file query-v3.txt (compact mmCIF, C-alpha atoms and all ligand atoms)
# COMPACT_ATOMS: atom_id res chain seq x y z
CA MET A 1 40.92 7.57 18.28
CA ASN A 2 37.93 6.34 20.18
CA LYS A 3 38.68 5.82 23.89
CA HIS A 4 37.70 2.13 23.64
CA GLU A 5 39.91 1.30 20.67
CA GLN A 6 42.98 0.33 22.60
CA TYR A 7 41.41 -2.37 24.66
CA ARG A 8 43.91 -5.17 25.07
CA LEU A 9 41.12 -7.62 24.39
CA ASN A 10 40.80 -6.17 20.89
CA GLN A 11 44.27 -7.50 20.14
CA LEU A 12 43.09 -11.08 20.57
CA GLY A 13 41.90 -13.00 17.57
CA GLU A 14 38.91 -15.29 17.56
CA TYR A 15 39.32 -18.51 19.55
CA PRO A 16 40.27 -21.55 17.38
CA PHE A 17 36.98 -23.39 17.86
CA ALA A 18 34.95 -20.34 16.82
CA ARG A 19 37.13 -20.14 13.70
CA LEU A 20 36.63 -23.84 13.04
CA LYS A 21 32.88 -23.42 13.34
CA LYS A 22 32.99 -20.65 10.74
CA LEU A 23 35.23 -22.69 8.44
CA LEU A 24 32.80 -25.61 8.45
CA ASP A 25 29.67 -23.48 8.41
CA GLY A 26 27.37 -24.52 5.56
CA LEU A 27 29.29 -27.75 4.87
CA THR A 28 27.74 -31.14 5.52
CA PRO A 29 29.75 -34.06 6.88
CA ASN A 30 29.51 -37.20 4.77
CA PRO A 31 26.03 -38.56 5.74
CA ASP A 32 27.06 -42.18 5.03
CA LEU A 33 29.71 -42.18 7.74
CA GLU A 34 29.48 -41.79 11.50
CA LEU A 35 31.04 -38.44 12.42
CA ILE A 36 34.40 -38.68 14.21
CA ASP A 37 35.04 -35.51 16.17
CA ALA A 38 38.81 -35.29 16.52
CA GLY A 39 38.75 -31.50 16.63
CA ALA A 40 38.61 -30.87 20.37
CA GLY A 41 40.91 -32.33 23.04
CA GLU A 42 38.14 -33.74 25.18
CA PRO A 43 38.84 -37.21 26.59
CA ARG A 44 35.89 -39.53 26.04
CA LEU A 45 36.57 -42.40 28.38
CA PRO A 46 34.30 -44.01 30.97
CA MET A 47 33.96 -41.98 34.16
CA PRO A 48 36.09 -43.44 36.98
CA THR A 49 33.89 -45.51 39.30
CA PHE A 50 34.63 -43.53 42.47
CA VAL A 51 33.11 -40.30 41.09
CA GLN A 52 29.43 -40.97 41.76
CA PRO A 53 29.76 -42.43 45.31
CA THR A 54 32.15 -39.66 46.35
CA LEU A 55 29.80 -37.01 45.05
CA ASP A 56 26.84 -38.64 46.81
CA ALA A 57 28.72 -38.85 50.11
CA HIS A 58 29.63 -35.14 50.05
CA ILE A 59 26.59 -33.60 48.40
CA ALA A 60 25.79 -31.52 51.51
CA GLY A 61 28.93 -29.50 50.78
CA PHE A 62 27.04 -27.51 48.15
CA SER A 63 25.52 -25.54 51.01
CA LYS A 64 28.93 -24.28 52.17
CA TYR A 65 31.40 -21.82 50.69
CA PRO A 66 34.67 -23.50 49.71
CA THR A 67 37.96 -21.70 50.32
CA THR A 68 39.35 -20.02 47.19
CA SER A 69 42.72 -21.76 47.46
CA GLY A 70 41.20 -25.24 47.95
CA ASN A 71 40.38 -26.88 51.27
CA ASP A 72 43.17 -28.60 53.23
CA PHE A 73 42.13 -32.15 52.31
CA LEU A 74 42.38 -31.36 48.58
CA ARG A 75 45.70 -29.53 48.79
CA GLU A 76 47.07 -32.42 50.85
CA SER A 77 45.96 -34.98 48.28
CA ILE A 78 47.56 -32.89 45.52
CA ALA A 79 50.82 -32.59 47.47
CA ALA A 80 50.85 -36.35 48.08
CA TRP A 81 50.34 -37.01 44.35
CA LEU A 82 53.11 -34.58 43.38
CA LYS A 83 55.45 -36.32 45.82
CA ARG A 84 54.64 -39.77 44.48
CA ARG A 85 54.60 -38.89 40.82
CA PHE A 86 57.67 -36.66 40.71
CA SER A 87 59.70 -38.13 43.61
CA LEU A 88 59.60 -34.80 45.44
CA LYS A 89 61.07 -34.87 48.92
CA ASN A 90 59.16 -31.82 50.06
CA ILE A 91 56.13 -29.94 48.88
CA ASP A 92 54.13 -28.07 51.45
CA ALA A 93 50.37 -28.38 50.92
CA ASN A 94 49.81 -25.06 52.67
CA SER A 95 52.27 -22.72 51.05
CA GLN A 96 53.23 -24.42 47.78
CA VAL A 97 49.94 -25.81 46.45
CA LEU A 98 46.65 -24.31 45.28
CA SER A 99 43.54 -25.82 43.78
CA ALA A 100 42.33 -24.42 40.45
CA ASN A 101 39.12 -24.80 38.49
CA GLY A 102 40.99 -26.53 35.70
CA THR A 103 44.29 -25.26 34.39
CA ARG A 104 42.77 -22.97 31.81
CA GLU A 105 41.79 -20.26 34.28
CA ALA A 106 45.02 -20.73 36.20
CA LEU A 107 47.23 -20.43 33.11
CA PHE A 108 45.41 -17.25 32.20
CA ALA A 109 45.48 -15.75 35.68
CA ALA A 110 49.18 -16.59 36.10
CA ALA A 111 50.31 -13.85 33.77
CA HIS A 112 48.09 -11.38 35.59
CA ALA A 113 49.48 -12.42 38.96
CA LEU A 114 53.13 -12.63 37.99
CA ILE A 115 54.09 -10.00 35.47
CA ASN A 116 54.52 -6.33 36.06
CA PRO A 117 53.33 -4.32 33.07
CA ASN A 118 54.34 -1.03 34.66
CA THR A 119 57.77 -1.05 33.13
CA GLU A 120 58.78 1.28 30.31
CA THR A 121 59.01 -1.53 27.83
CA LYS A 122 56.48 -4.29 28.24
CA PRO A 123 58.08 -7.49 29.53
CA TRP A 124 58.36 -10.49 27.23
CA VAL A 125 56.16 -13.47 27.91
CA MET A 126 57.57 -16.45 26.03
CA MET A 127 55.51 -19.25 24.67
CA PRO A 128 55.69 -22.00 22.10
CA ASN A 129 54.25 -21.40 18.65
CA PRO A 130 51.86 -23.19 17.98
CA MET A 131 50.43 -23.08 21.47
CA TYR A 132 47.44 -23.52 23.72
CA GLN A 133 45.90 -20.14 22.96
CA ILE A 134 45.38 -19.19 26.58
CA TYR A 135 49.08 -18.30 26.93
CA LEU A 136 48.74 -15.71 24.20
CA GLY A 137 45.53 -14.24 25.59
CA ALA A 138 47.03 -14.10 29.06
CA ALA A 139 50.23 -12.40 27.93
CA ILE A 140 48.41 -9.71 25.98
CA THR A 141 45.68 -8.93 28.49
CA ALA A 142 48.18 -8.83 31.36
CA GLY A 143 50.21 -6.17 29.53
CA GLY A 144 53.11 -8.35 28.40
CA LYS A 145 54.61 -8.78 24.94
CA PRO A 146 54.28 -12.29 23.51
CA TYR A 147 57.57 -13.78 22.36
CA LEU A 148 56.78 -16.71 20.08
CA GLN A 149 59.20 -19.63 20.06
CA PRO A 150 58.76 -21.52 16.79
CA CYS A 151 58.33 -25.26 17.34
CA THR A 152 59.02 -26.85 14.01
CA GLN A 153 60.42 -30.04 12.64
CA ASP A 154 63.82 -28.29 12.64
CA THR A 155 63.75 -27.87 16.42
CA GLY A 156 62.25 -31.35 16.97
CA PHE A 157 59.15 -29.31 17.95
CA ALA A 158 60.97 -27.98 21.03
CA PRO A 159 60.49 -24.28 21.78
CA ASP A 160 63.88 -22.80 20.94
CA ILE A 161 65.83 -21.49 23.95
CA ASP A 162 69.29 -21.62 22.38
CA ASN A 163 69.06 -18.71 19.99
CA ILE A 164 67.60 -16.00 22.18
CA SER A 165 69.73 -12.96 22.99
CA ASP A 166 70.64 -11.95 26.53
CA ASP A 167 68.76 -8.66 25.99
CA ILE A 168 65.55 -10.54 25.37
CA TRP A 169 66.07 -12.85 28.33
CA ALA A 170 66.82 -9.84 30.52
CA ASP A 171 63.39 -8.36 29.67
CA THR A 172 61.54 -11.65 30.02
CA ALA A 173 59.09 -11.97 32.89
CA LEU A 174 57.55 -15.35 32.27
CA VAL A 175 58.07 -18.42 30.09
CA TYR A 176 55.19 -20.78 29.38
CA VAL A 177 56.26 -24.35 28.61
CA CYS A 178 53.77 -26.99 27.55
CA SER A 179 55.07 -30.51 28.16
CA PRO A 180 53.79 -32.85 26.85
CA SER A 181 52.83 -30.38 24.19
CA ASN A 182 49.45 -29.65 22.77
CA PRO A 183 49.52 -29.79 19.75
CA THR A 184 52.90 -31.24 18.73
CA GLY A 185 53.34 -34.05 21.29
CA TRP A 186 56.89 -32.86 22.13
CA VAL A 187 58.02 -33.62 25.69
CA ALA A 188 60.64 -31.63 27.61
CA ASP A 189 63.51 -33.77 28.88
CA GLU A 190 65.59 -33.13 31.97
CA ALA A 191 68.31 -31.35 29.96
CA TYR A 192 65.77 -28.93 28.47
CA TYR A 193 64.23 -27.98 31.80
CA THR A 194 67.70 -27.75 33.39
CA LYS A 195 68.88 -25.30 30.74
CA LEU A 196 65.71 -23.24 31.05
CA LEU A 197 65.90 -23.11 34.84
CA ALA A 198 69.55 -22.05 34.69
CA LEU A 199 68.51 -19.19 32.37
CA ALA A 200 65.63 -18.34 34.71
CA GLU A 201 68.07 -18.00 37.58
CA LYS A 202 70.56 -15.96 35.56
CA PHE A 203 67.98 -13.56 34.13
CA ASP A 204 65.42 -13.71 36.92
CA PHE A 205 62.27 -14.81 35.15
CA TYR A 206 59.55 -17.29 36.05
CA VAL A 207 58.92 -20.63 34.37
CA LEU A 208 55.36 -21.86 34.18
CA ALA A 209 55.05 -25.46 33.07
CA ASP A 210 51.69 -26.58 31.78
CA GLU A 211 51.94 -30.30 32.48
CA CYS A 212 48.30 -31.22 32.06
CA TYR A 213 49.20 -34.06 29.66
CA SER A 214 51.89 -35.48 31.97
CA GLU A 215 50.02 -38.78 32.42
CA ILE A 216 49.49 -39.35 28.71
CA TYR A 217 52.64 -40.57 26.98
CA TYR A 218 53.71 -43.31 24.63
CA ALA A 219 56.98 -44.69 26.03
CA ASP A 220 58.67 -42.80 28.86
CA LYS A 221 56.96 -41.01 31.72
CA PRO A 222 57.54 -37.27 31.19
CA VAL A 223 59.80 -35.53 33.70
CA GLY A 224 58.23 -32.67 35.67
CA LEU A 225 59.60 -29.15 36.18
CA LEU A 226 59.58 -29.47 39.96
CA GLU A 227 61.60 -32.66 40.00
CA VAL A 228 64.20 -31.07 37.74
CA ALA A 229 64.36 -28.07 40.08
CA GLN A 230 64.87 -30.46 42.98
CA ASN A 231 67.63 -32.26 41.06
CA MET A 232 69.31 -28.86 40.60
CA GLU A 233 69.09 -28.36 44.35
CA ASN A 234 66.47 -25.68 43.93
CA ILE A 235 64.49 -27.37 46.67
CA GLU A 236 62.18 -24.41 47.23
CA TYR A 237 61.26 -24.47 43.51
CA LYS A 238 62.24 -20.81 43.15
CA ARG A 239 60.80 -19.21 39.98
CA CYS A 240 58.88 -22.39 39.16
CA LEU A 241 55.16 -22.98 38.87
CA VAL A 242 53.49 -26.06 37.47
CA MET A 243 49.88 -26.53 36.50
CA ASN A 244 48.19 -29.88 36.12
CA SER A 245 44.65 -31.07 35.83
CA LEU A 246 42.21 -33.92 36.20
CA SER A 247 40.67 -33.08 32.84
CA LYS A 248 43.14 -35.20 30.89
CA ARG A 249 44.67 -37.43 33.61
CA SER A 250 41.33 -38.66 34.89
CA ALA A 251 39.18 -37.91 31.83
CA LEU A 252 37.13 -35.49 33.93
CA PRO A 253 37.14 -32.24 31.93
CA GLY A 254 33.72 -31.30 33.29
CA LEU A 255 34.87 -31.51 36.89
CA ARG A 256 36.97 -28.38 36.31
CA SER A 257 39.65 -29.29 38.78
CA GLY A 258 43.37 -28.74 38.58
CA LEU A 259 46.41 -27.77 40.57
CA ILE A 260 49.01 -25.05 40.83
CA ALA A 261 52.25 -25.83 42.67
CA GLY A 262 55.75 -24.53 43.19
CA ASP A 263 57.52 -21.43 44.53
CA ALA A 264 55.77 -20.29 47.73
CA ASP A 265 56.25 -16.59 46.87
CA LEU A 266 54.59 -16.99 43.50
CA ILE A 267 51.83 -19.08 45.05
CA GLN A 268 51.25 -16.27 47.51
CA ASN A 269 50.85 -13.70 44.70
CA PHE A 270 48.57 -16.04 42.89
CA SER A 271 46.55 -16.71 45.98
CA LYS A 272 46.12 -12.99 46.55
CA LEU A 273 44.81 -12.48 43.02
CA ARG A 274 42.44 -15.39 43.47
CA SER A 275 41.14 -14.01 46.73
CA TYR A 276 39.79 -11.11 44.64
CA THR A 277 38.64 -13.11 41.62
CA GLY A 278 37.24 -15.78 43.93
CA PRO A 279 37.18 -18.98 41.90
CA GLY A 280 36.58 -21.49 44.69
CA THR A 281 35.91 -25.10 43.71
CA PRO A 282 32.61 -26.40 45.16
CA LEU A 283 33.28 -28.72 48.13
CA PRO A 284 31.67 -31.89 46.73
CA LEU A 285 33.81 -31.46 43.61
CA GLN A 286 36.90 -30.99 45.74
CA HIS A 287 36.16 -34.38 47.33
CA VAL A 288 35.88 -36.02 43.92
CA ALA A 289 39.15 -34.34 42.92
CA ALA A 290 40.93 -35.56 46.05
CA ALA A 291 39.73 -39.11 45.35
CA ALA A 292 41.01 -38.83 41.78
CA TRP A 293 44.49 -37.65 42.82
CA HIS A 294 44.66 -40.60 45.24
CA ASP A 295 43.81 -43.20 42.60
CA GLU A 296 46.25 -44.43 39.95
CA GLU A 297 44.34 -47.45 38.71
CA HIS A 298 42.04 -45.51 36.41
CA VAL A 299 45.02 -43.49 35.12
CA GLN A 300 46.82 -46.66 34.08
CA GLN A 301 43.65 -47.94 32.38
CA HIS A 302 43.36 -44.68 30.44
CA LEU A 303 47.03 -44.78 29.50
CA LYS A 304 46.58 -48.18 27.92
CA VAL A 305 43.70 -46.84 25.81
CA TYR A 306 45.79 -43.89 24.62
CA ARG A 307 48.77 -46.08 23.77
CA ASP A 308 46.57 -48.54 21.90
CA SER A 309 45.00 -45.62 20.05
CA LEU A 310 48.40 -44.28 18.97
CA ASP A 311 49.44 -47.76 17.84
CA ALA A 312 46.20 -48.23 15.88
CA PHE A 313 46.48 -44.80 14.25
CA PHE A 314 50.13 -44.96 13.21
CA LYS A 315 49.94 -48.56 12.04
CA VAL A 316 47.58 -47.32 9.36
CA TYR A 317 48.70 -43.74 8.76
CA GLY A 318 52.46 -44.20 9.20
CA GLY A 319 54.82 -41.60 10.62
CA VAL A 320 56.41 -40.99 14.00
CA ILE A 321 54.41 -41.62 17.18
CA PRO A 322 54.48 -38.49 19.38
CA ALA A 323 56.16 -38.78 22.78
CA GLY A 324 53.22 -37.38 24.73
CA SER A 325 49.61 -36.15 24.76
CA PHE A 326 46.76 -37.69 22.78
CA PHE A 327 47.17 -35.40 19.78
CA VAL A 328 48.58 -36.20 16.41
CA TRP A 329 50.09 -33.34 14.44
CA LEU A 330 50.00 -34.14 10.77
CA PRO A 331 51.75 -32.26 7.98
CA VAL A 332 49.39 -31.44 5.09
CA GLU A 333 49.61 -29.16 2.09
CA ASN A 334 46.86 -26.70 2.97
CA GLU A 335 45.39 -27.15 6.42
CA GLU A 336 42.07 -25.37 5.94
CA ASP A 337 41.43 -27.19 2.69
CA PHE A 338 42.35 -30.51 4.31
CA VAL A 339 40.04 -29.89 7.26
CA LYS A 340 37.12 -29.07 4.97
CA ARG A 341 37.72 -32.14 2.83
CA ALA A 342 38.09 -34.39 5.86
CA TYR A 343 34.72 -33.15 7.07
CA VAL A 344 32.80 -33.31 3.80
CA GLU A 345 34.37 -36.43 2.28
CA GLN A 346 35.20 -38.50 5.36
CA GLY A 347 32.99 -37.20 8.20
CA VAL A 348 35.96 -36.20 10.35
CA LYS A 349 36.36 -33.02 12.35
CA LEU A 350 39.94 -31.75 12.73
CA LEU A 351 41.53 -28.46 13.67
CA PRO A 352 43.73 -26.47 11.25
CA GLY A 353 47.18 -26.10 12.80
CA SER A 354 47.44 -22.43 11.93
CA TYR A 355 44.51 -21.73 14.29
CA LEU A 356 46.77 -22.86 17.14
CA GLY A 357 49.64 -20.65 16.09
CA SER A 358 50.21 -16.98 15.66
CA GLU A 359 52.29 -14.98 13.19
CA ASP A 360 55.69 -14.10 14.57
CA ASP A 361 57.69 -10.97 13.71
CA LYS A 362 58.92 -12.69 10.56
CA GLY A 363 55.34 -13.29 9.46
CA ILE A 364 55.63 -17.03 10.14
CA ASN A 365 52.86 -19.00 11.79
CA ALA A 366 54.53 -22.26 12.84
CA GLY A 367 51.17 -24.06 12.85
CA THR A 368 50.68 -23.54 9.12
CA GLY A 369 50.86 -26.74 7.08
CA TYR A 370 49.55 -28.99 9.86
CA VAL A 371 46.29 -30.33 11.15
CA ARG A 372 45.64 -31.55 14.67
CA ALA A 373 43.63 -34.66 15.45
CA ALA A 374 42.75 -35.77 18.98
CA LEU A 375 42.72 -39.54 19.60
CA VAL A 376 40.06 -39.50 22.28
CA ASP A 377 37.60 -42.17 21.19
CA GLY A 378 39.57 -45.35 21.79
CA ALA A 379 41.77 -47.55 19.62
CA GLU A 380 39.17 -48.85 17.20
CA LYS A 381 38.05 -45.38 16.16
CA ALA A 382 41.67 -44.20 16.02
CA GLY A 383 42.29 -46.85 13.36
CA VAL A 384 39.18 -45.82 11.44
CA LEU A 385 40.21 -42.18 11.72
CA ALA A 386 43.62 -42.98 10.21
CA GLU A 387 42.02 -44.84 7.30
CA ARG A 388 39.71 -41.95 6.57
CA LEU A 389 42.50 -39.35 6.80
CA LYS A 390 44.64 -41.40 4.46
CA ARG A 391 41.85 -41.23 1.95
CA VAL A 392 41.78 -37.42 2.29
CA ALA A 393 45.53 -37.28 1.96
CA VAL A 394 45.68 -38.98 -1.43
C1 LIG B 1 47.82 -27.54 26.82
C2 LIG B 1 46.58 -27.40 27.61
N1 LIG B 1 46.65 -26.77 28.77
C3 LIG B 1 45.56 -26.59 29.53
C4 LIG B 1 44.32 -27.04 29.14
C5 LIG B 1 43.15 -26.76 30.01
O1 LIG B 1 42.59 -27.84 30.56
P1 LIG B 1 41.69 -27.75 31.86
O2 LIG B 1 41.32 -26.32 32.07
O3 LIG B 1 40.53 -28.58 31.56
O4 LIG B 1 42.57 -28.24 32.96
C6 LIG B 1 44.18 -27.71 27.92
C7 LIG B 1 42.87 -28.20 27.48
O5 LIG B 1 42.63 -28.57 26.37
C8 LIG B 1 45.35 -27.89 27.13
O6 LIG B 1 45.30 -28.53 25.95
call {"tool": "encode", "arguments": {"input": "query-v3.txt", "output": "structure tokens", "more": "lines below"}}
Ligand SMILES: Cc1ncc(COP(=O)(O)O)c(C=O)c1O
result
Amino acid sequence: MNKHEQYRLNQLGEYPFARLKKLLDGLTPNPDLELIDAGAGEPRLPMPTFVQPTLDAHIAGFSKYPTTSGNDFLRESIAAWLKRRFSLKNIDANSQVLSANGTREALFAAAHALINPNTETKPWVMMPNPMYQIYLGAAITAGGKPYLQPCTQDTGFAPDIDNISDDIWADTALVYVCSPSNPTGWVADEAYYTKLLALAEKFDFYVLADECYSEIYYADKPVGLLEVAQNMENIEYKRCLVMNSLSKRSALPGLRSGLIAGDADLIQNFSKLRSYTGPGTPLPLQHVAAAAWHDEEHVQQHLKVYRDSLDAFFKVYGGVIPAGSFFVWLPVENEEDFVKRAYVEQGVKLLPGSYLGSEDDKGINAGTGYVRAALVDGAEKAGVLAERLKRVAV
């Protein structure tokens, strides 16, 4: 065996968007229709009005190094938002909050900061299947073993935590939860998080909640992991980390700004890792981020657009409106075939569900038989999208 063959990176498949590009390579979208790109989860809403003036006012900050954990003013604005949004009595901006350059890097780095691969058997890192692929990449490259929790219609798209043996829990280091979920739209309720946190305490593992869609929901505001911990009298948020982001909440994916919050010990580990990897957020961008966490008006405006989009889509397409996120997860017979037809016949870009899943030990990829569409272009286009997809479906 060649000395390079066992690279952990070699165990990772191609990223879903690279696979999509290959799938559609050589095909032409219907030239008579305006292309609707519902493949990627990139919000396309007007930029909040405070962005430009805040950037202008703090432009000189580009000539200074930012701190890697986020400057005080940003961590304080994040802590204040967490308190308001999740009714937290205490969250210390110094020891329980970090700034991140979006949640993607933080979700990836988390596994590297928190799991110890130097055990005889690799520890389990649990994650939903289908999932945001970063969890899988993080688990593998950090030396963990991915444990895939099938999220299917049978489980109401919840990652199963009821049928896992004590032996598995005992060897689990970290559980990724995505609520609201990309791609299924499932949202964890208080009972789910309570059960998971009780297991985390019993078996001593960490829970990492990716809550970056927490401000995008149809009916009820999603509950957050930290508020459930507080309700369980875990007021120091032991074993809990949450990640959130301005990419979805404020429609600022290019700002690359997010947050990490929770257990001070875990934050300290994380902070140490980051002091070596050094991903500081430029100061002017930190100021824009702080302004965004302080403002709720634009968030409410965005929420209305997402709700109207869901209404417009489901009025035409039919089916059950997802509880959270701006994705719709549609059952189809053959997802790659459907995606190709949607592109060629109807000028619509979608993502095959199987690209967001992975085969489990039973050979089942829980994303098979679905396509994902992102409703990110407003209500009118969401309605048009539904009409076009209905035509593919028949
Ligand atoms: C579930 C989920 N988590 C995290 C992210 C990362 O977002 P960002 O790095 O922009 O915060 C995304 C982006 O699509 C996502 O869908």
call {"tool": "residues_around", "arguments": {"input": "query-v3.txt", "residues": "A:Pro130", "least_positions_apart": "6", "cutoff": "8 Å", "atoms": "only C-alpha atoms", "output": "ChimeraX atom specification"}}
result
/A:150-151,183,353-354,356-358,365-367
call {"tool": "atom_distance", "arguments": {"input": "query-v3.txt", "atom1": "atom CA of A:Trp329", "atom2": "atom CA of A:Val344"}}
result
20.3 Å
call {"tool": "atom_distance", "arguments": {"input": "query-v3.txt", "atom1": "atom CA of A:Asp189", "atom2": "atom CA of A:Ala373"}}
result
24.0 Å
call {"tool": "residues_near_ligand", "arguments": {"input": "query-v3.txt", "ligand": "ligand LIG 1 (chain B)", "cutoff": "10 Å", "atoms": "all atoms listed in the file", "output": "MDAnalysis selection string"}}
result
chainID A and resid 40:43 100:108 131:135 177:183 209:213 243:249 251:259 325:327
call {"tool": "closest_residue", "arguments": {"input": "query-v3.txt", "among": "A:Val332, A:Ile168, A:Val97, A:Ala188", "to": "A:Asp72", "atoms": "only C-alpha atoms"}}
result
A:Val97
call {"tool": "closest_residue", "arguments": {"input": "query-v3.txt", "among": "A:Leu226, A:Ala379, A:Ala139, A:Ala219", "to": "A:Leu82", "atoms": "all atoms listed in the file"}}
result
A:Leu226
call {"tool": "closest_residue", "arguments": {"input": "query-v3.txt", "among": "A:Lys340, A:Arg391, A:Gly363, A:Phe203", "to": "A:Leu24", "atoms": "only C-alpha atoms"}}
result
A:Lys340
call {"tool": "residues_around", "arguments": {"input": "query-v3.txt", "residues": "A:Leu33", "least_positions_apart": "4", "cutoff": "9 Å", "atoms": "all atoms listed in the file", "output": "PyMOL selection string"}}
result
chain A and resi 29+346-347
call {"tool": "closest_atom_pairs", "arguments": {"input": "query-v3.txt", "of": "stretch 212-307 of chain A", "to": "stretch 45-59 of chain A", "cutoff": "9 Å", "atoms": "all atoms listed in the file", "output": "JSON lines"}}
result
{"residue": "A:Ser250", "atom": "CA", "partner": "A:Pro48", "partner_atom": "CA", "distance": 7.4}
{"residue": "A:Ala251", "atom": "CA", "partner": "A:Leu45", "partner_atom": "CA", "distance": 6.2}
{"residue": "A:Leu252", "atom": "CA", "partner": "A:Met47", "partner_atom": "CA", "distance": 7.2}
{"residue": "A:Leu283", "atom": "CA", "partner": "A:His58", "partner_atom": "CA", "distance": 7.6}
{"residue": "A:Pro284", "atom": "CA", "partner": "A:His58", "partner_atom": "CA", "distance": 5.1}
{"residue": "A:Leu285", "atom": "CA", "partner": "A:Leu55", "partner_atom": "CA", "distance": 7.0}
{"residue": "A:His287", "atom": "CA", "partner": "A:Thr54", "partner_atom": "CA", "distance": 6.7}
{"residue": "A:Val288", "atom": "CA", "partner": "A:Thr54", "partner_atom": "CA", "distance": 5.8}
{"residue": "A:Ala289", "atom": "CA", "partner": "A:Val51", "partner_atom": "CA", "distance": 8.7}
{"residue": "A:Ala291", "atom": "CA", "partner": "A:Phe50", "partner_atom": "CA", "distance": 7.3}
{"residue": "A:Ala292", "atom": "CA", "partner": "A:Phe50", "partner_atom": "CA", "distance": 8.0}
{"residue": "A:His298", "atom": "CA", "partner": "A:Pro48", "partner_atom": "CA", "distance": 6.3}
{"residue": "A:His302", "atom": "CA", "partner": "A:Leu45", "partner_atom": "CA", "distance": 7.5}
{"residue": "A:Val305", "atom": "CA", "partner": "A:Leu45", "partner_atom": "CA", "distance": 8.8}
call {"tool": "closest_residue", "arguments": {"input": "query-v3.txt", "among": "A:Leu351, A:Leu197, A:Leu385, A:Ile36", "to": "A:Lys22", "atoms": "all atoms listed in the file"}}
result
A:Leu351
call {"tool": "closest_residue", "arguments": {"input": "query-v3.txt", "among": "A:Pro159, A:Gly185, A:Gly280, A:Pro31", "to": "A:Tyr218", "atoms": "all atoms listed in the file"}}
result
A:Gly185
call {"tool": "closest_residue", "arguments": {"input": "query-v3.txt", "among": "A:Ala382, A:Ala110, A:Leu350, A:Leu330", "to": "A:Asn269", "atoms": "all atoms listed in the file"}}
result
A:Ala110
call {"tool": "atom_distance", "arguments": {"input": "query-v3.txt", "atom1": "atom CA of A:Ser95", "atom2": "atom CA of A:Leu266"}}
result
9.8 Å
call {"tool": "residues_around", "arguments": {"input": "query-v3.txt", "residues": "stretch 62-70 of chain A", "least_positions_apart": "2", "cutoff": "6 Å", "atoms": "only C-alpha atoms", "output": "PyMOL selection string"}}
result
chain A and resi 60+98-99+278-280+282-283
call {"tool": "residues_around", "arguments": {"input": "query-v3.txt", "residues": "stretch 236-238 of chain A", "least_positions_apart": "5", "cutoff": "8 Å", "atoms": "all atoms listed in the file", "output": "list of chain:residue names"}}
result
A:Leu226, A:Ala229, A:Gln230, A:Gly262, A:Asp263, A:Ala264
call {"tool": "residues_around", "arguments": {"input": "query-v3.txt", "residues": "A:Asp37", "least_positions_apart": "2", "cutoff": "6 Å", "atoms": "all atoms listed in the file", "output": "VMD selection string"}}
result
chain A and resid 39 348 to 349
call {"tool": "build_atoms", "arguments": {"input": "query-v3.txt", "residues": "stretch 202-213 of chain A", "atoms": "N, CA and C atoms", "output": "PDB file, in the frame of the given file"}}
result
ATOM      1  N   LYS A 202      69.635 -17.003  36.025  1.00  0.00           N
ATOM      2  CA  LYS A 202      70.560 -15.960  35.560  1.00  0.00           C
ATOM      3  C   LYS A 202      69.824 -14.649  35.256  1.00  0.00           C
ATOM      4  N   PHE A 203      68.663 -14.774  34.593  1.00  0.00           N
ATOM      5  CA  PHE A 203      67.980 -13.560  34.130  1.00  0.00           C
ATOM      6  C   PHE A 203      66.730 -13.232  34.951  1.00  0.00           C
ATOM      7  N   ASP A 204      66.508 -13.991  35.985  1.00  0.00           N
ATOM      8  CA  ASP A 204      65.420 -13.710  36.920  1.00  0.00           C
ATOM      9  C   ASP A 204      64.036 -13.628  36.250  1.00  0.00           C
ATOM     10  N   PHE A 205      63.652 -14.730  35.644  1.00  0.00           N
ATOM     11  CA  PHE A 205      62.270 -14.810  35.150  1.00  0.00           C
ATOM     12  C   PHE A 205      61.607 -16.057  35.712  1.00  0.00           C
ATOM     13  N   TYR A 206      60.303 -16.142  35.517  1.00  0.00           N
ATOM     14  CA  TYR A 206      59.550 -17.290  36.050  1.00  0.00           C
ATOM     15  C   TYR A 206      59.273 -18.311  34.937  1.00  0.00           C
ATOM     16  N   VAL A 207      59.253 -19.564  35.327  1.00  0.00           N
ATOM     17  CA  VAL A 207      58.920 -20.630  34.370  1.00  0.00           C
ATOM     18  C   VAL A 207      57.601 -21.256  34.803  1.00  0.00           C
ATOM     19  N   LEU A 208      56.666 -21.275  33.870  1.00  0.00           N
ATOM     20  CA  LEU A 208      55.360 -21.860  34.180  1.00  0.00           C
ATOM     21  C   LEU A 208      55.143 -23.073  33.283  1.00  0.00           C
ATOM     22  N   ALA A 209      55.186 -24.245  33.871  1.00  0.00           N
ATOM     23  CA  ALA A 209      55.050 -25.460  33.070  1.00  0.00           C
ATOM     24  C   ALA A 209      53.614 -25.958  33.113  1.00  0.00           C
ATOM     25  N   ASP A 210      53.031 -26.008  31.932  1.00  0.00           N
ATOM     26  CA  ASP A 210      51.690 -26.580  31.780  1.00  0.00           C
ATOM     27  C   ASP A 210      51.894 -28.074  31.531  1.00  0.00           C
ATOM     28  N   GLU A 211      51.650 -28.859  32.564  1.00  0.00           N
ATOM     29  CA  GLU A 211      51.940 -30.300  32.480  1.00  0.00           C
ATOM     30  C   GLU A 211      50.658 -31.126  32.469  1.00  0.00           C
ATOM     31  N   CYS A 212      49.592 -30.536  31.912  1.00  0.00           N
ATOM     32  CA  CYS A 212      48.300 -31.220  32.060  1.00  0.00           C
ATOM     33  C   CYS A 212      48.200 -32.526  31.255  1.00  0.00           C
ATOM     34  N   TYR A 213      49.183 -32.756  30.356  1.00  0.00           N
ATOM     35  CA  TYR A 213      49.200 -34.060  29.660  1.00  0.00           C
ATOM     36  C   TYR A 213      50.273 -34.983  30.224  1.00  0.00           C
TER      37      TYR A 213
END
